[in-house]
Structures are given as C-alpha cells and as structure tokens.
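**Q** The structure under discussion is supplied below as structure tokens; questions concerning it will follow.
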Amino acid sequence: MAKKIGDIVIFHQRVYGPKYRPYYDAYKGHKFQVVSLHEGGHVGLVCVGGNVEVDGCVHDDDLIVVG
C-alpha cells in the first residue's frame, strides 16, 4: 500500500530479523509519521512520542500503516 504524508506507521516485523539486524533494532516498539515521499518508494519519517531518529529514508514496503 502506498504511504502518504501524515500516515502513522510502524516497521514490519521482518526488519527485526537476522538479515536486517542491527539496523532497525532502535525502531522497534515506536510509531512514526511519514513526513516526505521520495522516488523509488522511499519515505522520510519522524518518531511520534519518542526520541528516536530515523537514519535516512526507508522503503515504504517495510512499513505498516496504523493510523
């Protein structure tokens, strides 16, 4: 599903597995808001209610819309 600016998202469970470890570990348990859209299906995020900074843009198919 295409994400849009303002969507509240969490990371898909698969990014916490061995293939991606430890790159996404800091994002577990946090919600994020989509703040920018980029070519190639990438989005910019900010953490909602936490003090976690996202390191660059992420693939929108690694995210699940929750609000």
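Following the order of the structure tokens, chains are lettered A, B, ..., residues in each are numbered from 1, and ligands are numbered from 1.
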Report as a PyMOL selection string all protein, DNA and RNA residues lying within 8 Å of Tyr27 (chain A), evaluated on only C-alpha atoms, omitting residues in the same chain fewer than 4 positions from it.
**A** chain A and resi 11+52+54
**Q** Smallest atom-to-atom distance to His42 (chain A): which of A:Asp55, A:Asp7, A:Asp61, A:Asp25, using only C-alpha atoms?
**A** A:Asp61
**Q** Point out the residue among A:Ile8, A:Val58, A:Val65, A:Val15 with the least atom-to-atom distance to Gly41 (chain A), counting only C-alpha atoms.
**A**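 Of A:Ile8, A:Val58, A:Val65, A:Val15, the one nearest Gly41 (chain A), counting only C-alpha atoms, is A:Val58.
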**Q** Residues near Lys3 (chain A), anyone? I mean within 12 Å using only C-alpha atoms, not counting same-chain ones fewer than 6 positions away, as a ChimeraX atom specification.
**A** /A:9-10,33-38,41-45,58-67
**Q** Would you please extract all helix (DSSP H, G or I) residues from chain A, as assigned by DSSP on the backbone, and give them as a count of residues only?
**A** 10
